[in-house]
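Student: What follows is a structure written as structure tokens; I'll ask about it next.
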Amino acid sequence: EQQLDHPRGIGDLSSQTTNDRGQEQPHRSPHQRAWQRTHSAHNDHGDELNGIEIIRQLIPLLSPTSIAGSLVAVPIVNVPAFMTQSRYLPDRRDLNRSFPGSKTGSQASRIAHILMDQVVSHCTHLVDLHSASAHRSNAPQVRASLNHRQTAEFAEAFGAPFIVHSGERDGSLRMAASGVGVISIVYEAGGAALFDREAIDIGLLGVLGVMRHLG
């Protein structure tokens, strides 16, 4: 199998600690900086599988003793759509047009609100993992607002073959995250309902690359 070139200090992220109430919580490195927390999220659409596999392969490569920050990895955001292998929720709403969401809206709106409130708003950076819709395939690419210097540097650090300057779409996770000050990029690669080896390998190295970029 192809050997991936991982950043120095990447090892095993399997250990957990407990707090004074006996609740499990992620291990915190002595070098950890709370202000640097990357959120790698998937999947807004239930038929996009490459991001799930990127995160599945990513976690065993990480060591809590060598990460200067935190990683919040969400392999499946849209569980109802994933269970039916559909791009949309049962009511045909698109989760990635439903952000920032609300507590009392549609199912999509409530999922979006929970993700924003409990995860994204506590992060400093976001990598949103996507694939193309049905009957299409995207070349591996990062989409970002390149007129923002820190976002452009973050996109460059991902190392995808293509970087596309892309405006933020209304209702998207990227727009909502940017609205609360989170530096955000989208990785698009491959097609729906398929595992694409090239898309997964490039995406995995990309997430590791932005983690190295952040220190």
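By order of appearance in the structure tokens: chains A, B, ..., then residues from 1 within every chain, and ligands from 1 in the order shown.
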Applying 9 Å and only C-alpha atoms, which residues near segment 152-160 of chain A remain after dropping the ones on its own chain fewer than 3 positions away? List them as a PyMOL selection string.
Tutor: chain A and resi 125+140-149+163+165+183-187+202-203+205-214
Student: Put those residues in a file: N, CA and C atoms, as an mmCIF file, in the first residue's frame.
Tutor:
data_model
loop_
_atom_site.group_PDB
_atom_site.id
_atom_site.type_symbol
_atom_site.label_atom_id
_atom_site.label_comp_id
_atom_site.auth_asym_id
_atom_site.auth_seq_id
_atom_site.Cartn_x
_atom_site.Cartn_y
_atom_site.Cartn_z
ATOM 1 N N HIS A 125 -10.498 27.017 13.555
ATOM 2 C CA HIS A 125 -10.352 26.669 12.148
ATOM 3 C C HIS A 125 -11.315 25.537 11.796
ATOM 4 N N PRO A 140 -9.769 16.641 -6.777
ATOM 5 C CA PRO A 140 -9.443 17.108 -5.422
ATOM 6 C C PRO A 140 -9.088 18.593 -5.411
ATOM 7 N N GLN A 141 -9.805 19.361 -4.601
ATOM 8 C CA GLN A 141 -9.649 20.810 -4.603
ATOM 9 C C GLN A 141 -10.052 21.389 -3.253
ATOM 10 N N VAL A 142 -9.469 22.511 -2.923
ATOM 11 C CA VAL A 142 -9.885 23.294 -1.759
ATOM 12 C C VAL A 142 -10.593 24.535 -2.265
ATOM 13 N N ARG A 143 -11.729 24.852 -1.646
ATOM 14 C CA ARG A 143 -12.471 26.073 -1.956
ATOM 15 C C ARG A 143 -12.421 26.980 -0.737
ATOM 16 N N ALA A 144 -12.103 28.239 -0.978
ATOM 17 C CA ALA A 144 -11.920 29.167 0.138
ATOM 18 C C ALA A 144 -12.034 30.595 -0.354
ATOM 19 N N SER A 145 -12.209 31.499 0.589
ATOM 20 C CA SER A 145 -12.209 32.940 0.289
ATOM 21 C C SER A 145 -10.760 33.408 0.329
ATOM 22 N N LEU A 146 -10.119 33.445 -0.819
ATOM 23 C CA LEU A 146 -8.685 33.677 -0.880
ATOM 24 C C LEU A 146 -8.303 35.143 -0.700
ATOM 25 N N ASN A 147 -9.282 36.029 -0.666
ATOM 26 C CA ASN A 147 -8.964 37.435 -0.400
ATOM 27 C C ASN A 147 -8.753 37.695 1.087
ATOM 28 N N HIS A 148 -8.922 36.673 1.927
ATOM 29 C CA HIS A 148 -8.634 36.765 3.353
ATOM 30 C C HIS A 148 -7.302 36.056 3.592
ATOM 31 N N ARG A 149 -6.287 36.793 4.057
ATOM 32 C CA ARG A 149 -4.920 36.266 4.105
ATOM 33 C C ARG A 149 -4.799 34.986 4.911
ATOM 34 N N ILE A 163 -6.617 24.940 -5.783
ATOM 35 C CA ILE A 163 -7.234 25.836 -4.814
ATOM 36 C C ILE A 163 -8.111 26.807 -5.591
ATOM 37 N N HIS A 165 -10.757 30.009 -5.574
ATOM 38 C CA HIS A 165 -11.373 31.120 -4.853
ATOM 39 C C HIS A 165 -12.881 31.011 -5.012
ATOM 40 N N ILE A 183 -11.841 30.447 10.808
ATOM 41 C CA ILE A 183 -11.192 30.375 9.506
ATOM 42 C C ILE A 183 -11.582 29.051 8.856
ATOM 43 N N SER A 184 -12.186 29.114 7.663
ATOM 44 C CA SER A 184 -12.877 27.945 7.114
ATOM 45 C C SER A 184 -12.498 27.680 5.663
ATOM 46 N N ILE A 185 -12.310 26.398 5.352
ATOM 47 C CA ILE A 185 -12.113 25.951 3.978
ATOM 48 C C ILE A 185 -12.969 24.717 3.731
ATOM 49 N N VAL A 186 -13.246 24.441 2.463
ATOM 50 C CA VAL A 186 -13.961 23.236 2.054
ATOM 51 C C VAL A 186 -13.024 22.393 1.194
ATOM 52 N N TYR A 187 -12.946 21.095 1.487
ATOM 53 C CA TYR A 187 -12.244 20.154 0.616
ATOM 54 C C TYR A 187 -13.284 19.373 -0.163
ATOM 55 N N ILE A 202 -5.367 12.260 -0.541
ATOM 56 C CA ILE A 202 -5.061 13.694 -0.596
ATOM 57 C C ILE A 202 -5.727 14.420 0.568
ATOM 58 N N GLY A 203 -6.965 14.036 0.889
ATOM 59 C CA GLY A 203 -7.658 14.672 2.006
ATOM 60 C C GLY A 203 -7.004 14.394 3.340
ATOM 61 N N LEU A 205 -3.772 13.634 3.904
ATOM 62 C CA LEU A 205 -2.538 14.424 3.968
ATOM 63 C C LEU A 205 -2.847 15.906 4.136
ATOM 64 N N GLY A 206 -3.959 16.352 3.561
ATOM 65 C CA GLY A 206 -4.347 17.753 3.690
ATOM 66 C C GLY A 206 -4.685 18.134 5.116
ATOM 67 N N VAL A 207 -5.484 17.293 5.806
ATOM 68 C CA VAL A 207 -5.826 17.586 7.206
ATOM 69 C C VAL A 207 -4.559 17.572 8.055
ATOM 70 N N LEU A 208 -3.679 16.602 7.829
ATOM 71 C CA LEU A 208 -2.414 16.572 8.557
ATOM 72 C C LEU A 208 -1.570 17.814 8.240
ATOM 73 N N GLY A 209 -1.641 18.261 7.002
ATOM 74 C CA GLY A 209 -0.872 19.446 6.600
ATOM 75 C C GLY A 209 -1.337 20.711 7.290
ATOM 76 N N VAL A 210 -2.658 20.889 7.419
ATOM 77 C CA VAL A 210 -3.131 22.098 8.084
ATOM 78 C C VAL A 210 -2.866 22.019 9.594
ATOM 79 N N MET A 211 -2.884 20.814 10.158
ATOM 80 C CA MET A 211 -2.530 20.682 11.575
ATOM 81 C C MET A 211 -1.069 21.069 11.790
ATOM 82 N N ARG A 212 -0.198 20.632 10.872
ATOM 83 C CA ARG A 212 1.210 21.019 10.966
ATOM 84 C C ARG A 212 1.367 22.527 10.799
ATOM 85 N N HIS A 213 0.604 23.094 9.879
ATOM 86 C CA HIS A 213 0.647 24.549 9.650
ATOM 87 C C HIS A 213 0.260 25.328 10.913
ATOM 88 N N LEU A 214 -0.708 24.811 11.651
ATOM 89 C CA LEU A 214 -1.170 25.484 12.860
ATOM 90 C C LEU A 214 -0.219 25.286 14.038
#
Student: Using DSSP on the backbone, list every residue of segment 11-214 of chain A that comes out as helix (DSSP H, G or I), and give them as JSON, numbers by chain.
Tutor: {"A": [50, 51, 52, 53, 54, 55, 56, 57, 58, 59, 60, 61, 79, 80, 81, 82, 83, 95, 96, 97, 107, 108, 109, 110, 111, 112, 113, 114, 115, 116, 117, 118, 120, 121, 122, 149, 150, 151, 152, 153, 154, 155, 156, 157, 158, 173, 174, 175, 176, 177, 178, 179, 197, 198, 199, 200, 201, 202, 203, 204, 205, 206, 207, 208, 209, 210, 211, 212, 213, 214]}
Student: Quick one: pull the distance between atom CA of Gly181 of chain A and atom CA of Thr124 of chain A, Å, one decimal.
Tutor: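 About the pair atom CA of Gly181 of chain A and atom CA of Thr124 of chain A: they are 7.4 Å apart.
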Student: Mind dumping a table of every segment 82-178 of chain A residue within 10 Å of segment 44-60 of chain A, with the nearest atom pair and its distance in Å to one decimal, using only C-alpha atoms, sorted by chain and rising number, as a Markdown table?
Tutor:
| residue | atom | partner | partner_atom | distance |
| --- | --- | --- | --- | --- |
| A:Phe82 | CA | A:Gly46 | CA | 3.7 |
| A:Met83 | CA | A:Gly46 | CA | 7.2 |
| A:Thr84 | CA | A:Gly46 | CA | 7.3 |
| A:Gln85 | CA | A:Asp47 | CA | 4.6 |
| A:Ser86 | CA | A:Gly46 | CA | 5.0 |
| A:Arg87 | CA | A:His45 | CA | 4.5 |
| A:Tyr88 | CA | A:His45 | CA | 6.4 |
| A:Leu89 | CA | A:Gly46 | CA | 8.1 |
| A:Asp94 | CA | A:His45 | CA | 7.5 |
| A:Leu95 | CA | A:Asp44 | CA | 5.8 |
| A:Asn96 | CA | A:Asp44 | CA | 5.9 |
| A:Arg97 | CA | A:Asp44 | CA | 9.5 |
| A:Ala108 | CA | A:Asp44 | CA | 9.8 |
| A:Ile111 | CA | A:Asp44 | CA | 9.8 |
| A:Ala112 | CA | A:Asp44 | CA | 9.2 |
| A:Asp128 | CA | A:Gly51 | CA | 8.6 |
| A:Leu129 | CA | A:Gly51 | CA | 5.2 |
| A:His130 | CA | A:Gly51 | CA | 6.4 |
| A:Ser131 | CA | A:Glu48 | CA | 5.5 |
| A:Ala132 | CA | A:Glu48 | CA | 7.6 |
| A:Ser133 | CA | A:Glu48 | CA | 8.0 |
| A:Ala134 | CA | A:Asp47 | CA | 8.4 |
| A:Ser172 | CA | A:Asp44 | CA | 9.5 |
| A:Leu173 | CA | A:Asp44 | CA | 8.5 |
Student: Give me every strand (DSSP E) residue in segment 86-159 of chain A, going by DSSP on the backbone, as a PyMOL selection string.
Tutor: chain A and resi 125-130+137-144
Student: With distances taken over only C-alpha atoms, which residue among A:Val180, A:Glu198, A:Met175, A:Arg110 lies nearest Pro161 of chain A?
Tutor: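 Among the listed residues, A:Glu198 lies closest to Pro161 of chain A.
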Student: In Å, with one decimal, what is the gap from atom CA of Ile67 of chain A to atom CA of Thr38 of chain A?
Tutor: 11.2 Å
Student: Please compute the atom CA of Leu126 of chain A-atom CA of Asp91 of chain A distance, one decimal, in Å.
Tutor: 27.2 Å
Student: Hey, which of A:Val127, A:Asp170, A:Gly215, A:Asp201 ends up closest to Ser98 of chain A? Count only C-alpha atoms.
Tutor: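 Selected residue with least distance to Ser98 of chain A: A:Asp170.
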Student: Which is closer to Gly101 of chain A than all the others in A:Pro80, A:Gly171, A:Pro75, A:Gly190, using only C-alpha atoms?
Tutor: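 When distances to Gly101 of chain A are compared using only C-alpha atoms, the smallest one comes from A:Gly171.
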Student: Using only C-alpha atoms, which of the listed residues (A:Ile114, A:Pro100, A:Arg93, A:Val182) sits closest to Ala81 of chain A?
Tutor: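 Using only C-alpha atoms, Ala81 of chain A sits closest to A:Arg93.
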